[in-house]
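Engineer: One structure, pasted below without further comment.
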Protein chains: 2
Amino acid sequence: MNLLASRSSRMKASEIRELLKLLDQPDIISFAGGIPDPALFPAEAIRDAYADVLGGGEAGAALQYQVSEGYLLLRRWLAGQMGKLGVACDEGNIFITSGSQQALDYLGKLFLSPGDTALVTWPTYLGALQAFNAYEPRYDRLRPEGRNMTPAAYRVAAAANGGRVKFAYLVPDFANPTGETLNRQQREAVLDLAGELDIAVIEDAAYRALRYDGEGVPPILALDCARSGGIDKARTLYCGSFSKILSPGMRVGWVCAPRHVVEKLVLMKQASDLHSPSINQVVMHRVAEAVFDGQVEKLIGAYRERRDGLLAALEANMPEGVTWSRPEGGMFVWVTLPEGSDATGLLARAVKEARVAFVPGSAFFADGTGRNTLRLSFTLADSCAVSEGIPRLAAILKG
Amino acid sequence: MNLLASRSSRMKASEIRELLKLLDQPDIISFAGGIPDPALFPAEAIRDAYADVLGGGEAGAALQYQVSEGYLLLRRWLAGQMGKLGVACDEGNIFITSGSQQALDYLGKLFLSPGDTALVTWPTYLGALQAFNAYEPRYDRLRPEGRNMTPAAYRVAAAANGGRVKFAYLVPDFANPTGETLNRQQREAVLDLAGELDIAVIEDAAYRALRYDGEGVPPILALDCARSGGIDKARTLYCGSFSKILSPGMRVGWVCAPRHVVEKLVLMKQASDLHSPSINQVVMHRVAEAVFDGQVEKLIGAYRERRDGLLAALEANMPEGVTWSRPEGGMFVWVTLPEGSDATGLLARAVKEARVAFVPGSAFFADGTGRNTLRLSFTLADSCAVSEGIPRLAAILKG
């Protein structure tokens with residue numbers, strides 16, 4: 001029962017379930033789900049790849065058991081992609097997971113004993129908290145915008161809880177839920193802190209490819225490799241995913257990490273589910289080779305327009321005292337209501353009176369604060385949804 | 001690092017890796033791998049199902065995120081199958097996993113705290129030990145053939161280790177590695193013991209459909225439902241898998257269990273990998289509906305012939321003092337060498353001198369005993385492999 005020990009985990013799961021129920025109602029305009037637009041999936045390319053693989057000489061291997069680290073050609077392709085991001089590595093540094101959620105679960109299991117401390121931003125990705133909660137950590141607040149505590153202060157607080165600081169987790173590009181991106185100096189500062197604490201950095205890069213404006217910033221792992229002398233000496237574990245670009249339903253993600261970490265993850269995977277589906281890895285490799293870059297371009301075009309539409313509607317409709325992030329990419333806009341507001345109560349009213357849904361922000365705070373914040377996803381927000389939904393939401397806020 | 005704490009787990013993983021390396025050598029006749037014959041996969045039916053699903057109106061949903069408990073129509077189909085086995089249940093009692101290995105991992109996580117006791121047979125499925133080892137249990141010996149300790153003795157031994165007995169794990173049909181099947185009385189006795197200890201029973205039914213002779217025995221879960229008054233009052237958690245019948249590479253398995261257990265597993269899955277791949281579940285449902293029964297018949301025909309061939313070759317070639325199981329189904333024959341023999345040493349000689357491979361039996365014993373035993377898999381053993389390989393292995397044993 002140890003997984004279920006954390007009350008906060010239980011609360012959040014039930015909150016999500018309530019939300020999911022709301023979204024089943026057909027007339028709701030939803031800005032809640034953090035999911036890609038299924039109309040944009042490259043379904044034809046995926047269909048063709050399954051047909052090719054299963055119609056040819058590879059069918060037997062693609063339907064058979066395989067090694068826990070994952071399909072070699074996919075790992076090689078990913079190593080090449082990481083190289084383009086400034087991370088020189090090879091397939092021995094790539095570990096295939098069933099989506100990046102599994103990477104977070106395994107890294108939690110690898111590092112955390114009950115009572116240890118994980119550093120996370122306030123707010124952070126809810127799924128990361130759920131994955132880590134299973135290992136019963138304490139959370140302390142990472143402030144990569146430049147107001148971190150001293151290493152000694154983090155250490156003392158962790159020791160007072162009977163454990164040690166084990167890692168810093170963050171989403172540096174177009175974060176879920178805030179949409180914000182860390183600049184290079186902020187990334188270097190995370191590495192400085194991690195070095196002083198001698199802890200790992202878990203870089204969740206789920207949204208990295210979805211940049212709509214501005215200049216790309218190197219991954220934390222690339223900066224780490226540059227200062228540490230190569231990936232096998234790095235402390236950063238990069239979690240990537242095909243979910244936002246090609247398909248979440250195929251569940252293919254990866255970790256790019258020092259070889260000694262990959263070797264531990266492979267043993268974990270062997271014990272926990274043997275390997276991610278062979279067929280999906282073989283197909284993902286073919287699809288990625290064929291359409292990845294074009295698919296990224298297509299998504300950037302579509303999602304940029306939706307982001308712009310949402311930001312314009314917020315500008316035009318929101319009452320004074322409401323502020324929001326202006327993300328350069330990703331899927332989310334983060335809205336802050338006046339101090340003292342309660343977004344969970346607002347959700348109940350918004351659904352009932354305006355038929356509009358979003359995710360209340362407090363779900364993303366490890367300590368349950370942030371009650372005056374909320375997350376809007378724009379990936380499914382076409383101009384119709386935005387021009388109807390945002391004025392209705394604003395009307396409730398004004399009333 | 002807690003997963004890697006168990007030395008025995010580490011040894012076994014490295015042993016397996018060494019074995020896998022051996023199997024890469026092209027001239028080796030291998031009875032080692034516990035894998036289905038890829039030539040018998042229903043590749044065409046699977047290819048057609050992927051094409052249909054991805055070419056139709058379901059494509060978006062099949063490539064999208066989905067609920068953690070799994071695809072509704074597959075869960076309903078499985079509930080119907082369980083009904084045919086004497087387990088009246090509905091989709092609320094079915095939880096989809098990424099292969100039954102994931103079920104073992106989750107059940108280990110659900111029940112075991114470090115120091116708790118798990119009851120397993122000596123020998124048992126290696127992958128179960130690997131899954132459970134992550135949660136640092138102690139193992140005690142289950143003897144379903146009728147020489148169990150008293151409940152009090154199990155309890156005292158568990159308490160002396162600082163924990164409690166949490167579950168009994170077993171493979172009642174054509175066990176991996178022994179090939180043996182428990183009769184009805186033995187299954188009832190397991191339930192009696194579990195009742196007296198008030199523990200769960202984990203019934204690993206991976207091979208259940210593959211019966212070549214004799215009468216089927218009801219699943220432990222069916223006997224449990226009959227005595228407890230229905231599945232939601234049962235203590236047995238049934239782990240099923242499509243891996244041995246349709247395809248292991250798609251990674252689809254299931255747990256059939258009381259609703260309150262399914263609900264806990266759903267929360268675990270949400271935190272650990274969100275859900276098993278949507279597309280594979282939709283496709284597996286179609287393929288299972290269309291070809292499951294015919295595929296079982298096809299496999300029974302092919303594997304029965306291979307089992308018979310292997311047993312005849314053992315009879316014709318093995319020296320006195322060597323004995324073996326005569327399984328009514330499944331994939332394995334279990335060989336016992338004369339007392340004092342060392343199957344691990346034999347493997348090294350067999351590979352070098354006879355180019356024949358198998359799995360030494362000690363890997364399957366929680367306490368590392370059983371050094372004079374070995375496992376032969378017959379799923380890939382065509383008449384050629386058997387007529388060449390078994391005489392060569394016997395010659396080494398005689399020499």
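In the structure tokens, each chain is lettered A, B, ... as it comes, each chain's residues begin at 1, and ligands are numbered from 1 in order of appearance.
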Pull out every residue of chain B sitting within 6 Å of chain A, counting only C-alpha atoms, and send them as a ChimeraX atom specification.
Structural biologist: /B:1,38,47,51,54,60,63-65,101-102,105,110-111,130-131,247-251,271-273,277-278
Engineer: Which residues are close to Arg76 (chain B), i.e. within 7 Å by only C-alpha atoms, leaving aside same-chain residues fewer than 3 positions away? Reply as a VMD selection string.
Structural biologist: chain B and resid 72 to 73 79 to 80 90 to 91
Engineer: Would you list the contacts of Ile220 (chain A) as a ChimeraX atom specification, taking every protein, DNA or RNA residue within 9 Å and counting only C-alpha atoms, but skipping same-chain residues closer than 5 positions in sequence?
Structural biologist: /A:172,184,187-188,190-191,201,203,225,236,238
Engineer: Check the DSSP output for the backbone and give back, as a VMD selection string, the residues of region 44-94 of chain B in alpha helix (DSSP H).
Structural biologist: chain B and resid 44 to 55 59 to 63 72 to 84
Engineer: What separation in Å, quoted to one decimal, exists between CA of Ala153 (chain A) and CA of Ala366 (chain A)?
Structural biologist: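 These two atoms are separated by 18.9 Å.
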Engineer: If you count only C-alpha atoms, which residues fall within 10 Å of Val386 (chain B), apart from same-chain ones fewer than 6 positions away, as a short mmCIF file (atom, residue, chain, number, x, y, z; two decimals) with N, CA, C and O atoms, in the first residue's frame?
Structural biologist:
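Full text of selection_8.cif as output:
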```
data_model
loop_
_atom_site.label_atom_id
_atom_site.label_comp_id
_atom_site.auth_asym_id
_atom_site.auth_seq_id
_atom_site.Cartn_x
_atom_site.Cartn_y
_atom_site.Cartn_z
N ILE B 29 22.28 -24.47 -30.79
CA ILE B 29 20.91 -24.99 -30.70
C ILE B 29 20.41 -24.62 -29.31
O ILE B 29 20.94 -25.08 -28.31
N SER B 30 19.40 -23.74 -29.27
CA SER B 30 19.01 -23.20 -27.97
C SER B 30 17.68 -23.75 -27.48
O SER B 30 16.67 -23.66 -28.18
N PHE B 31 17.70 -24.31 -26.28
CA PHE B 31 16.48 -24.66 -25.56
C PHE B 31 16.29 -23.67 -24.41
O PHE B 31 15.59 -23.95 -23.44
N ARG B 306 6.10 -30.54 -30.64
CA ARG B 306 7.47 -30.25 -30.20
C ARG B 306 7.75 -30.82 -28.80
O ARG B 306 8.82 -31.33 -28.53
N ARG B 307 6.75 -30.67 -27.94
CA ARG B 307 6.91 -31.28 -26.60
C ARG B 307 7.13 -32.78 -26.73
O ARG B 307 8.03 -33.35 -26.12
N GLY B 309 8.24 -34.48 -29.20
CA GLY B 309 9.55 -34.76 -29.79
C GLY B 309 10.66 -34.63 -28.75
O GLY B 309 11.57 -35.47 -28.68
N LEU B 310 10.56 -33.59 -27.93
CA LEU B 310 11.60 -33.37 -26.91
C LEU B 310 11.57 -34.50 -25.87
O LEU B 310 12.62 -35.05 -25.51
N LEU B 311 10.36 -34.85 -25.43
CA LEU B 311 10.26 -35.92 -24.42
C LEU B 311 10.79 -37.24 -24.97
O LEU B 311 11.51 -37.98 -24.27
N ALA B 312 10.48 -37.55 -26.25
CA ALA B 312 10.96 -38.80 -26.85
C ALA B 312 12.49 -38.79 -26.95
O ALA B 312 13.15 -39.81 -26.68
N ALA B 313 13.05 -37.62 -27.31
CA ALA B 313 14.51 -37.55 -27.44
C ALA B 313 15.19 -37.69 -26.07
O ALA B 313 16.26 -38.31 -25.96
N LEU B 314 14.58 -37.12 -25.05
CA LEU B 314 15.14 -37.27 -23.70
C LEU B 314 15.12 -38.75 -23.31
O LEU B 314 16.12 -39.31 -22.81
N PHE B 378 10.62 -25.93 -25.31
CA PHE B 378 10.42 -26.66 -26.56
C PHE B 378 9.68 -25.85 -27.63
O PHE B 378 9.42 -26.35 -28.72
N LEU B 380 10.65 -23.50 -29.58
CA LEU B 380 11.41 -23.29 -30.82
C LEU B 380 12.10 -24.57 -31.27
O LEU B 380 12.90 -24.56 -32.20
N ARG B 392 23.51 -34.56 -28.37
CA ARG B 392 24.78 -33.88 -28.04
C ARG B 392 24.83 -33.52 -26.55
O ARG B 392 25.87 -33.67 -25.91
#
```
